[in-house]
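What follows is a single structure, written as C-alpha coordinates, with notes after it.
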Amino acid sequence: MTPAISVRNVLDFGVRQRALVGILVLVAVLAGCGAGGGGGGADARSADAPLVRAQPWPQRPVVDASLDLAPDLSSATGTESVLFTPDRRICEVVFRNWANRPSTVADGTSSRITRAAVDGVPVTPRTEQAGAPAGAPGTLVELPLPSCVPAGTPVRAEVGFQVVLGADSGERIGYSPAARTAWLGSALPLLAWVRGQGWARDPAVRIPGETVTSEDFSLNAMEVTAATGQTVVGTGTAAGTSSAGPGRTTHLFTADAIRDVAVAAGNYAITGASAGATRVHVAVPRTGATASAPEWADEVGTQLARLEDLLGPYPYPDLWLTIVPTQSDGVEFPTALQFGDVTDRARPSLVAHELAHMWFYSLVGNNQARDPWLDESFATWAQAIAAGQQDRYRIRDFGPGDVAGPIGAPMSYWDANGGFRALTDAVYDQGAAALLAGRARVGAERFDAAMRAYLAANAHRVATPADVENAFRDLPEVLDVLREHGAFGMS
(Lines give C-alpha, C1' and ligand atoms only; values in the text may rest on other atoms or scores of the structure.)
Protein backbone atom coordinates (compact mmCIF):
# COMPACT_ATOMS: atom_id res chain seq x y z
CA MET A 1 0.00 0.00 0.00
CA THR A 2 1.16 3.55 -0.61
CA PRO A 3 0.46 6.48 1.70
CA ALA A 4 -2.27 8.80 0.46
CA ILE A 5 -1.04 11.50 -1.90
CA SER A 6 -2.70 14.15 0.26
CA VAL A 7 -0.50 13.13 3.19
CA ARG A 8 2.84 13.42 1.42
CA ASN A 9 2.25 16.05 -1.31
CA VAL A 10 2.55 13.59 -4.23
CA LEU A 11 4.33 10.50 -2.98
CA ASP A 12 6.22 8.31 -5.37
CA PHE A 13 6.50 4.55 -5.06
CA GLY A 14 7.90 1.11 -6.31
CA VAL A 15 7.71 -2.08 -8.79
CA ARG A 16 8.03 -5.90 -9.52
CA GLN A 17 8.82 -8.94 -11.77
CA ARG A 18 7.98 -12.31 -13.19
CA ALA A 19 8.76 -16.03 -12.94
CA LEU A 20 6.69 -18.90 -14.35
CA VAL A 21 4.30 -20.32 -11.75
CA GLY A 22 5.61 -23.64 -10.50
CA ILE A 23 9.04 -23.11 -12.11
CA LEU A 24 10.66 -21.34 -9.25
CA VAL A 25 14.21 -21.12 -10.55
CA LEU A 26 15.68 -17.67 -10.48
CA VAL A 27 18.44 -17.51 -13.07
CA ALA A 28 20.00 -14.28 -11.88
CA VAL A 29 23.71 -14.92 -11.25
CA LEU A 30 25.17 -12.80 -8.51
CA ALA A 31 27.99 -10.65 -9.83
CA GLY A 32 30.38 -9.62 -7.06
CA CYS A 33 28.96 -12.11 -4.58
CA GLY A 34 32.28 -13.74 -3.81
CA ALA A 35 34.34 -13.79 -0.65
CA GLY A 36 33.39 -10.98 1.69
CA GLY A 37 30.61 -9.93 -0.66
CA GLY A 38 27.08 -11.18 -1.21
CA GLY A 39 25.64 -12.42 2.02
CA GLY A 40 21.98 -13.39 1.69
CA GLY A 41 20.64 -16.69 2.87
CA ALA A 42 22.63 -19.86 3.29
CA ASP A 43 21.21 -20.98 -0.08
CA ALA A 44 23.01 -18.30 -2.08
CA ARG A 45 26.49 -17.55 -0.78
CA SER A 46 28.94 -19.19 -3.17
CA ALA A 47 30.44 -17.04 -5.89
CA ASP A 48 28.81 -17.26 -9.31
CA ALA A 49 26.18 -19.77 -8.10
CA PRO A 50 22.74 -19.23 -9.64
CA LEU A 51 20.04 -18.36 -7.11
CA VAL A 52 17.23 -20.85 -6.72
CA ARG A 53 14.03 -19.57 -5.19
CA ALA A 54 12.59 -21.60 -2.36
CA GLN A 55 9.58 -23.54 -3.57
CA PRO A 56 6.06 -23.21 -2.19
CA TRP A 57 5.22 -25.28 0.86
CA PRO A 58 4.13 -28.70 -0.49
CA GLN A 59 1.43 -28.88 2.22
CA ARG A 60 0.14 -25.37 1.53
CA PRO A 61 -3.62 -24.99 1.86
CA VAL A 62 -5.80 -25.63 -1.19
CA VAL A 63 -8.65 -23.16 -1.64
CA ASP A 64 -11.85 -23.41 -3.67
CA ALA A 65 -14.01 -20.30 -3.50
CA SER A 66 -16.95 -18.56 -5.11
CA LEU A 67 -18.23 -14.99 -5.16
CA ASP A 68 -21.67 -14.18 -6.55
CA LEU A 69 -22.13 -10.44 -7.09
CA ALA A 70 -25.52 -8.76 -6.85
CA PRO A 71 -26.73 -7.24 -10.16
CA ASP A 72 -26.21 -3.71 -8.77
CA LEU A 73 -22.80 -4.74 -7.32
CA SER A 74 -23.71 -3.53 -3.82
CA SER A 75 -23.17 -6.92 -2.21
CA ALA A 76 -21.85 -10.42 -2.78
CA THR A 77 -22.38 -13.87 -1.35
CA GLY A 78 -19.52 -16.31 -1.17
CA THR A 79 -18.34 -19.76 -0.23
CA GLU A 80 -14.88 -20.99 0.61
CA SER A 81 -13.44 -24.45 1.18
CA VAL A 82 -9.89 -24.84 2.53
CA LEU A 83 -8.07 -28.16 2.69
CA PHE A 84 -5.36 -27.57 5.27
CA THR A 85 -2.60 -29.76 6.74
CA PRO A 86 -1.15 -28.03 9.84
CA ASP A 87 2.47 -28.54 10.80
CA ARG A 88 1.59 -28.62 14.50
CA ARG A 89 -1.30 -29.74 16.72
CA ILE A 90 -4.48 -27.66 16.42
CA CYS A 91 -7.81 -27.55 18.23
CA GLU A 92 -9.57 -24.97 16.01
CA VAL A 93 -9.33 -23.38 12.58
CA VAL A 94 -8.94 -19.60 12.48
CA PHE A 95 -9.96 -17.31 9.63
CA ARG A 96 -9.48 -13.54 9.40
CA ASN A 97 -12.37 -11.56 7.93
CA TRP A 98 -10.45 -8.43 6.94
CA ALA A 99 -13.46 -6.76 5.31
CA ASN A 100 -14.40 -5.80 8.89
CA ARG A 101 -11.30 -3.71 9.62
CA PRO A 102 -12.14 -0.22 10.94
CA SER A 103 -11.28 1.78 7.80
CA THR A 104 -13.44 -0.39 5.53
CA VAL A 105 -16.34 -0.48 8.01
CA ALA A 106 -16.18 3.32 8.19
CA ASP A 107 -16.80 3.38 4.43
CA GLY A 108 -19.88 1.16 4.71
CA THR A 109 -18.40 -2.30 4.08
CA SER A 110 -18.95 -5.36 6.27
CA SER A 111 -18.77 -9.14 6.00
CA ARG A 112 -20.48 -11.79 8.08
CA ILE A 113 -20.10 -15.56 8.21
CA THR A 114 -23.39 -17.27 7.38
CA ARG A 115 -22.42 -20.91 7.87
CA ALA A 116 -19.41 -23.09 8.70
CA ALA A 117 -18.37 -26.73 8.66
CA VAL A 118 -15.31 -28.82 9.46
CA ASP A 119 -14.78 -32.06 7.55
CA GLY A 120 -18.35 -31.85 6.35
CA VAL A 121 -19.90 -31.45 9.82
CA PRO A 122 -21.64 -28.12 10.54
CA VAL A 123 -20.11 -26.10 13.38
CA THR A 124 -21.01 -22.86 15.12
CA PRO A 125 -18.26 -20.31 14.51
CA ARG A 126 -16.92 -18.14 17.34
CA THR A 127 -16.28 -14.54 16.29
CA GLU A 128 -13.98 -12.06 18.03
CA GLN A 129 -13.84 -8.33 17.29
CA ALA A 130 -10.02 -8.38 17.11
CA GLY A 131 -9.93 -4.71 16.20
CA ALA A 132 -13.27 -4.48 14.41
CA PRO A 133 -15.41 -1.49 15.46
CA ALA A 134 -18.18 -2.00 18.00
CA GLY A 135 -21.34 -3.19 16.31
CA ALA A 136 -19.53 -4.56 13.26
CA PRO A 137 -18.86 -8.27 12.66
CA GLY A 138 -15.44 -9.31 13.99
CA THR A 139 -12.23 -9.82 12.06
CA LEU A 140 -11.36 -13.16 13.73
CA VAL A 141 -13.47 -16.29 13.21
CA GLU A 142 -12.75 -19.60 14.97
CA LEU A 143 -14.19 -22.91 13.83
CA PRO A 144 -13.95 -25.39 16.73
CA LEU A 145 -12.77 -28.91 16.00
CA PRO A 146 -14.62 -31.87 17.57
CA SER A 147 -11.25 -32.84 19.06
CA CYS A 148 -7.69 -31.64 18.67
CA VAL A 149 -5.73 -33.14 15.77
CA PRO A 150 -1.98 -33.76 15.55
CA ALA A 151 0.38 -32.17 13.04
CA GLY A 152 0.10 -33.65 9.57
CA THR A 153 -3.63 -34.33 9.81
CA PRO A 154 -5.60 -32.85 6.89
CA VAL A 155 -8.60 -30.73 7.87
CA ARG A 156 -11.21 -29.31 5.51
CA ALA A 157 -12.83 -26.09 6.71
CA GLU A 158 -15.76 -24.50 4.91
CA VAL A 159 -17.45 -21.13 5.37
CA GLY A 160 -20.26 -19.24 3.70
CA PHE A 161 -20.28 -15.45 3.94
CA GLN A 162 -22.02 -12.32 2.77
CA VAL A 163 -20.28 -9.02 1.98
CA VAL A 164 -21.97 -5.61 1.86
CA LEU A 165 -19.94 -3.11 -0.19
CA GLY A 166 -19.58 0.53 0.81
CA ALA A 167 -20.83 3.00 -1.81
CA ASP A 168 -18.05 5.17 -3.29
CA SER A 169 -15.57 3.78 -0.77
CA GLY A 170 -11.99 5.01 -0.80
CA GLU A 171 -10.92 1.68 0.64
CA ARG A 172 -9.99 -1.66 -0.92
CA ILE A 173 -13.60 -2.90 -0.94
CA GLY A 174 -16.47 -0.87 -2.34
CA TYR A 175 -18.64 -0.05 -5.33
CA SER A 176 -19.59 2.97 -7.41
CA PRO A 177 -23.30 3.24 -8.18
CA ALA A 178 -22.62 5.93 -10.80
CA ALA A 179 -19.78 4.12 -12.59
CA ARG A 180 -21.42 0.70 -12.04
CA THR A 181 -18.16 -0.85 -10.87
CA ALA A 182 -17.11 -2.82 -7.79
CA TRP A 183 -13.72 -3.76 -6.35
CA LEU A 184 -13.13 -6.35 -3.63
CA GLY A 185 -9.68 -6.71 -2.07
CA SER A 186 -9.22 -9.28 0.74
CA ALA A 187 -12.87 -10.20 0.34
CA LEU A 188 -12.34 -13.90 1.12
CA PRO A 189 -11.83 -14.91 4.75
CA LEU A 190 -8.14 -15.82 5.00
CA LEU A 191 -6.74 -18.83 6.85
CA ALA A 192 -4.52 -17.29 9.54
CA TRP A 193 -1.89 -20.03 9.83
CA VAL A 194 1.87 -19.41 9.91
CA ARG A 195 4.18 -22.42 9.65
CA GLY A 196 6.11 -23.09 12.84
CA GLN A 197 4.16 -20.43 14.74
CA GLY A 198 0.45 -21.25 14.65
CA TRP A 199 -2.52 -18.90 14.35
CA ALA A 200 -1.92 -15.20 13.71
CA ARG A 201 -4.38 -13.31 15.93
CA ASP A 202 -3.03 -9.74 15.73
CA PRO A 203 -5.91 -7.26 15.90
CA ALA A 204 -6.82 -4.92 13.08
CA VAL A 205 -5.93 -1.26 13.69
CA ARG A 206 -7.75 2.00 13.03
CA ILE A 207 -5.25 3.45 10.58
CA PRO A 208 -5.47 2.35 6.92
CA GLY A 209 -2.39 0.14 6.78
CA GLU A 210 -2.32 -3.61 6.21
CA THR A 211 -2.43 -6.07 9.09
CA VAL A 212 -2.84 -9.23 6.98
CA THR A 213 -0.79 -12.35 7.71
CA SER A 214 -1.25 -15.42 5.51
CA GLU A 215 0.78 -18.29 4.16
CA ASP A 216 0.71 -19.01 0.45
CA PHE A 217 -2.19 -21.17 -0.66
CA SER A 218 -3.03 -22.91 -3.90
CA LEU A 219 -6.09 -21.29 -5.47
CA ASN A 220 -7.53 -24.37 -7.09
CA ALA A 221 -10.59 -22.49 -8.32
CA MET A 222 -12.15 -19.11 -7.67
CA GLU A 223 -15.49 -18.69 -9.41
CA VAL A 224 -16.78 -15.13 -9.75
CA THR A 225 -20.35 -14.81 -10.99
CA ALA A 226 -21.71 -11.52 -12.29
CA ALA A 227 -24.24 -10.22 -14.77
CA THR A 228 -23.49 -11.28 -18.33
CA GLY A 229 -21.79 -8.38 -20.05
CA GLN A 230 -20.03 -7.13 -16.93
CA THR A 231 -16.24 -7.28 -17.01
CA VAL A 232 -14.62 -9.37 -14.27
CA VAL A 233 -11.03 -8.96 -13.07
CA GLY A 234 -9.48 -11.49 -10.73
CA THR A 235 -6.34 -12.87 -9.15
CA GLY A 236 -3.98 -15.35 -10.77
CA THR A 237 -4.80 -16.62 -14.25
CA ALA A 238 -8.18 -16.44 -15.99
CA ALA A 239 -9.28 -19.97 -16.85
CA GLY A 240 -12.49 -19.46 -18.84
CA THR A 241 -16.16 -18.69 -18.35
CA SER A 242 -19.40 -20.64 -18.11
CA SER A 243 -23.10 -19.87 -17.97
CA ALA A 244 -24.62 -19.49 -14.51
CA GLY A 245 -28.19 -19.25 -15.77
CA PRO A 246 -30.10 -16.56 -17.63
CA GLY A 247 -28.16 -13.32 -17.69
CA ARG A 248 -25.38 -14.62 -15.40
CA THR A 249 -21.80 -15.66 -16.24
CA THR A 250 -19.19 -17.34 -14.04
CA HIS A 251 -15.53 -16.43 -14.49
CA LEU A 252 -12.88 -18.88 -13.28
CA PHE A 253 -9.45 -17.94 -11.86
CA THR A 254 -6.63 -20.15 -10.61
CA ALA A 255 -3.20 -19.56 -9.03
CA ASP A 256 -0.38 -21.80 -7.88
CA ALA A 257 0.77 -19.97 -4.73
CA ILE A 258 -0.73 -16.70 -3.46
CA ARG A 259 -1.57 -15.13 -0.07
CA ASP A 260 -4.72 -13.14 -0.81
CA VAL A 261 -7.16 -12.37 -3.61
CA ALA A 262 -8.73 -9.32 -5.22
CA VAL A 263 -11.67 -9.12 -7.60
CA ALA A 264 -13.30 -6.32 -9.59
CA ALA A 265 -16.44 -6.37 -11.71
CA GLY A 266 -18.74 -4.09 -13.61
CA ASN A 267 -18.58 -1.48 -16.33
CA TYR A 268 -14.85 -1.72 -17.00
CA ALA A 269 -12.98 -1.70 -20.28
CA ILE A 270 -10.15 -4.18 -20.02
CA THR A 271 -7.00 -3.89 -22.13
CA GLY A 272 -4.41 -6.61 -22.49
CA ALA A 273 -0.70 -5.95 -22.89
CA SER A 274 2.63 -7.62 -22.17
CA ALA A 275 5.62 -6.55 -20.12
CA GLY A 276 8.45 -8.96 -20.82
CA ALA A 277 7.05 -12.40 -20.00
CA THR A 278 4.15 -10.99 -17.96
CA ARG A 279 0.58 -10.77 -19.23
CA VAL A 280 -0.79 -7.39 -18.10
CA HIS A 281 -4.53 -6.70 -17.85
CA VAL A 282 -5.68 -3.13 -17.20
CA ALA A 283 -9.31 -2.44 -16.19
CA VAL A 284 -10.44 1.21 -16.49
CA PRO A 285 -14.02 2.36 -15.77
CA ARG A 286 -15.89 3.10 -18.99
CA THR A 287 -17.05 6.34 -17.39
CA GLY A 288 -13.53 7.64 -17.86
CA ALA A 289 -10.22 8.19 -16.07
CA THR A 290 -7.29 10.58 -16.18
CA ALA A 291 -5.00 8.10 -17.92
CA SER A 292 -5.83 5.51 -20.55
CA ALA A 293 -5.21 1.79 -20.18
CA PRO A 294 -2.23 1.93 -22.62
CA GLU A 295 -0.65 4.68 -20.51
CA TRP A 296 -0.96 2.53 -17.38
CA ALA A 297 0.40 -0.50 -19.26
CA ASP A 298 3.36 1.51 -20.56
CA GLU A 299 4.24 2.65 -17.05
CA VAL A 300 3.97 -0.91 -15.76
CA GLY A 301 6.31 -2.07 -18.53
CA THR A 302 8.89 0.58 -17.65
CA GLN A 303 8.85 0.04 -13.91
CA LEU A 304 8.55 -3.74 -14.08
CA ALA A 305 11.69 -4.00 -16.19
CA ARG A 306 13.62 -1.88 -13.71
CA LEU A 307 12.42 -3.91 -10.77
CA GLU A 308 13.26 -7.18 -12.46
CA ASP A 309 16.79 -5.88 -13.01
CA LEU A 310 16.98 -5.10 -9.30
CA LEU A 311 15.10 -8.01 -7.71
CA GLY A 312 14.83 -10.86 -10.20
CA PRO A 313 11.91 -12.14 -12.28
CA TYR A 314 8.36 -11.10 -11.50
CA PRO A 315 6.91 -14.11 -9.65
CA TYR A 316 3.67 -14.72 -11.61
CA PRO A 317 2.37 -15.17 -15.17
CA ASP A 318 -0.27 -12.41 -14.89
CA LEU A 319 -0.67 -8.93 -13.47
CA TRP A 320 -4.10 -7.30 -13.09
CA LEU A 321 -4.62 -3.55 -12.62
CA THR A 322 -7.94 -2.03 -11.58
CA ILE A 323 -8.38 1.75 -11.63
CA VAL A 324 -10.58 2.92 -8.74
CA PRO A 325 -11.23 6.68 -9.00
CA THR A 326 -12.48 6.93 -5.41
CA GLN A 327 -9.07 5.82 -4.10
CA SER A 328 -6.17 8.25 -3.71
CA ASP A 329 -3.16 5.94 -4.02
CA GLY A 330 -2.69 2.18 -4.46
CA VAL A 331 -3.25 -1.16 -2.75
CA GLU A 332 -1.39 -4.37 -3.48
CA PHE A 333 -2.60 -7.95 -3.69
CA PRO A 334 -0.74 -10.92 -5.20
CA THR A 335 -0.93 -10.57 -9.01
CA ALA A 336 -3.50 -7.77 -8.62
CA LEU A 337 -3.20 -4.03 -7.93
CA GLN A 338 -5.75 -1.30 -7.27
CA PHE A 339 -4.81 2.26 -8.28
CA GLY A 340 -6.46 5.59 -7.76
CA ASP A 341 -7.00 7.80 -10.80
CA VAL A 342 -3.76 9.70 -10.17
CA THR A 343 -1.95 12.36 -12.18
CA ASP A 344 0.83 11.74 -14.69
CA ARG A 345 3.33 13.08 -12.17
CA ALA A 346 2.33 10.63 -9.44
CA ARG A 347 1.94 7.56 -11.65
CA PRO A 348 5.58 6.37 -12.01
CA SER A 349 6.31 6.20 -8.30
CA LEU A 350 2.91 4.76 -7.44
CA VAL A 351 3.27 2.01 -10.02
CA ALA A 352 6.82 1.28 -8.88
CA HIS A 353 5.82 1.01 -5.23
CA GLU A 354 2.85 -1.29 -5.70
CA LEU A 355 4.75 -3.46 -8.15
CA ALA A 356 7.57 -3.80 -5.62
CA HIS A 357 5.07 -5.40 -3.26
CA MET A 358 4.90 -8.36 -5.63
CA TRP A 359 8.26 -9.32 -4.14
CA PHE A 360 7.89 -7.79 -0.67
CA TYR A 361 4.77 -9.28 0.89
CA SER A 362 3.49 -11.25 -2.09
CA LEU A 363 6.50 -13.48 -2.84
CA VAL A 364 8.18 -13.04 0.55
CA GLY A 365 5.43 -12.59 3.10
CA ASN A 366 5.52 -11.01 6.52
CA ASN A 367 3.28 -10.44 9.49
CA GLN A 368 2.00 -7.04 8.41
CA ALA A 369 0.64 -6.25 11.86
CA ARG A 370 3.85 -7.06 13.70
CA ASP A 371 6.52 -6.20 11.11
CA PRO A 372 5.11 -3.67 8.62
CA TRP A 373 8.62 -2.51 7.71
CA LEU A 374 9.41 -5.86 6.08
CA ASP A 375 7.11 -4.97 3.21
CA GLU A 376 6.65 -1.18 3.27
CA SER A 377 10.26 -0.13 3.94
CA PHE A 378 11.52 -2.66 1.41
CA ALA A 379 8.94 -1.73 -1.23
CA THR A 380 9.72 1.98 -0.79
CA TRP A 381 13.45 1.21 -1.10
CA ALA A 382 12.84 -0.64 -4.38
CA GLN A 383 10.52 2.12 -5.61
CA ALA A 384 13.16 4.76 -4.88
CA ILE A 385 15.71 2.94 -7.02
CA ALA A 386 13.33 1.99 -9.85
CA ALA A 387 11.81 5.47 -10.08
CA GLY A 388 15.12 7.31 -9.55
CA GLN A 389 14.10 8.86 -6.22
CA GLN A 390 16.99 7.94 -3.91
CA ASP A 391 17.51 11.58 -2.95
CA ARG A 392 13.98 11.80 -1.53
CA TYR A 393 14.77 9.35 1.25
CA ARG A 394 17.48 10.51 3.64
CA ILE A 395 18.12 9.63 7.26
CA ARG A 396 17.11 12.50 9.52
CA ASP A 397 16.95 13.17 13.22
CA PHE A 398 13.52 13.68 14.70
CA GLY A 399 13.00 16.44 17.23
CA PRO A 400 10.47 16.62 20.08
CA GLY A 401 7.72 17.79 17.74
CA ASP A 402 8.10 14.90 15.32
CA VAL A 403 5.89 11.83 15.54
CA ALA A 404 8.11 9.24 13.87
CA GLY A 405 9.45 6.35 15.89
CA PRO A 406 11.51 3.19 15.36
CA ILE A 407 11.07 1.72 11.89
CA GLY A 408 10.58 -1.80 13.28
CA ALA A 409 7.57 -0.95 15.45
CA PRO A 410 4.32 -2.90 14.96
CA MET A 411 1.10 -1.42 13.59
CA SER A 412 -0.33 -1.17 17.11
CA TYR A 413 2.47 1.26 17.97
CA TRP A 414 1.61 3.58 15.07
CA ASP A 415 -2.08 3.27 15.83
CA ALA A 416 -1.37 4.71 19.29
CA ASN A 417 1.50 7.04 18.35
CA GLY A 418 0.86 9.48 15.53
CA GLY A 419 -1.31 7.36 13.24
CA PHE A 420 -0.80 7.03 9.53
CA ARG A 421 1.43 10.11 9.22
CA ALA A 422 3.87 8.65 11.75
CA LEU A 423 3.76 5.28 9.98
CA THR A 424 4.58 7.04 6.71
CA ASP A 425 7.45 9.07 8.18
CA ALA A 426 9.11 6.15 9.92
CA VAL A 427 8.26 2.89 8.18
CA TYR A 428 7.99 4.07 4.58
CA ASP A 429 10.36 7.03 4.42
CA GLN A 430 12.96 6.37 7.13
CA GLY A 431 12.85 2.62 6.57
CA ALA A 432 13.69 3.16 2.91
CA ALA A 433 16.33 5.75 3.87
CA ALA A 434 18.00 3.27 6.22
CA LEU A 435 18.13 0.61 3.51
CA LEU A 436 19.50 3.12 1.02
CA ALA A 437 22.12 4.24 3.56
CA GLY A 438 23.16 0.64 4.13
CA ARG A 439 23.40 0.16 0.37
CA ALA A 440 25.63 3.23 0.09
CA ARG A 441 27.93 1.95 2.87
CA VAL A 442 28.64 -1.42 1.24
CA GLY A 443 28.04 -0.62 -2.42
CA ALA A 444 25.05 -1.31 -4.62
CA GLU A 445 26.45 -4.54 -6.05
CA ARG A 446 26.98 -6.27 -2.71
CA PHE A 447 23.77 -4.95 -1.17
CA ASP A 448 21.58 -5.90 -4.13
CA ALA A 449 23.10 -9.38 -4.25
CA ALA A 450 22.23 -9.89 -0.59
CA MET A 451 18.71 -8.61 -1.20
CA ARG A 452 18.18 -11.02 -4.08
CA ALA A 453 19.49 -13.85 -1.93
CA TYR A 454 17.03 -12.85 0.82
CA LEU A 455 14.18 -13.01 -1.68
CA ALA A 456 15.30 -16.39 -3.00
CA ALA A 457 15.81 -17.98 0.43
CA ASN A 458 12.53 -16.69 1.86
CA ALA A 459 10.23 -17.03 -1.14
CA HIS A 460 6.78 -18.40 -0.28
CA ARG A 461 7.38 -17.97 3.45
CA VAL A 462 6.31 -15.53 6.15
CA ALA A 463 9.65 -13.87 6.86
CA THR A 464 10.74 -12.25 10.13
CA PRO A 465 13.31 -9.61 11.10
CA ALA A 466 15.65 -12.48 12.01
CA ASP A 467 15.61 -13.51 8.36
CA VAL A 468 16.78 -10.01 7.39
CA GLU A 469 19.59 -10.23 9.94
CA ASN A 470 20.60 -13.58 8.48
CA ALA A 471 20.47 -12.29 4.90
CA PHE A 472 22.81 -9.38 5.67
CA ARG A 473 25.02 -11.06 8.25
CA ASP A 474 28.05 -10.75 5.94
CA LEU A 475 27.35 -7.02 5.58
CA PRO A 476 27.41 -5.77 9.20
CA GLU A 477 27.41 -2.14 8.04
CA VAL A 478 23.88 -2.66 6.73
CA LEU A 479 22.69 -4.21 9.99
CA ASP A 480 24.32 -1.38 11.94
CA VAL A 481 22.30 1.32 10.19
CA LEU A 482 19.09 -0.70 10.52
CA ARG A 483 19.70 -1.21 14.25
CA GLU A 484 20.48 2.48 14.71
CA HIS A 485 16.98 3.28 13.52
CA GLY A 486 15.06 0.66 15.45
CA ALA A 487 14.53 -2.05 12.84
CA PHE A 488 15.01 -4.92 15.31
CA GLY A 489 13.67 -5.69 18.73
CA MET A 490 10.21 -4.06 18.55
CA SER A 491 8.15 -7.14 17.57
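FYI, nothing fancy with the C-alpha coordinates labels: chains A, B, ... in order, residues from 1 per chain, ligands from 1 as they appear.
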**Prompt:** Could you write out, as number ranges by chain, all the residues of region 228-406 of chain A that DSSP marks as alpha helix (DSSP H)?
**Reply:** A: 293-311, 347-356, 373-386
**Asked** Got a sec to tell me which of region 360-434 of chain A DSSP assigns to strand (DSSP E or B), as number ranges by chain?
**Response** A: 360, 364-366
Would you export the selected residues with N, CA and C atoms as a short mmCIF file (atom, residue, chain, number, x, y, z; two decimals), in the first residue's frame, please?
```cif
data_model
loop_
_atom_site.label_atom_id
_atom_site.label_comp_id
_atom_site.auth_asym_id
_atom_site.auth_seq_id
_atom_site.Cartn_x
_atom_site.Cartn_y
_atom_site.Cartn_z
N PHE A 360 7.90 -8.03 -2.11
CA PHE A 360 7.89 -7.79 -0.67
C PHE A 360 6.47 -7.76 -0.15
N VAL A 364 7.68 -12.86 -0.81
CA VAL A 364 8.18 -13.04 0.55
C VAL A 364 7.20 -12.36 1.48
N GLY A 365 6.46 -13.14 2.23
CA GLY A 365 5.43 -12.59 3.10
C GLY A 365 6.00 -12.09 4.41
N ASN A 366 5.17 -11.43 5.17
CA ASN A 366 5.52 -11.01 6.52
C ASN A 366 4.25 -10.83 7.32
#
```
**Prompt:** Hey, what's within 10 Å of region 236-248 of chain A if we count only C-alpha atoms and toss same-chain stuff fewer than 3 positions away? As number ranges by chain, please?
**Reply:** A: 21, 68-69, 71, 219, 221-230, 232-233, 251-258, 261-262, 279, 316-320, 334-336
Could I get the residues of region 127-178 of chain A with an atom no further than 9 Å from an atom of region 199-209 of chain A, each paired with its nearest atom pair and that distance in Å to one decimal, using only C-alpha atoms, sorted by chain and residue number, as a tab-separated table?
```
residue	atom	partner	partner_atom	distance
A:Gln129	CA	A:Pro203	CA	8.1
A:Ala130	CA	A:Pro203	CA	4.4
A:Gly131	CA	A:Ala204	CA	4.4
A:Ala132	CA	A:Ala204	CA	6.6
A:Pro133	CA	A:Arg206	CA	8.8
A:Thr139	CA	A:Ala204	CA	7.4
A:Leu140	CA	A:Arg201	CA	7.3
A:Glu171	CA	A:Pro208	CA	8.3
```
**Asked** From the set A:Val94, A:Tyr268, A:Arg259, A:Cys148, which residue has the shortest atom-to-atom contact distance to Arg126 (chain A), counting only C-alpha atoms?
**Response**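 Looking at the shortest contact to Arg126 (chain A), the residue is A:Val94.
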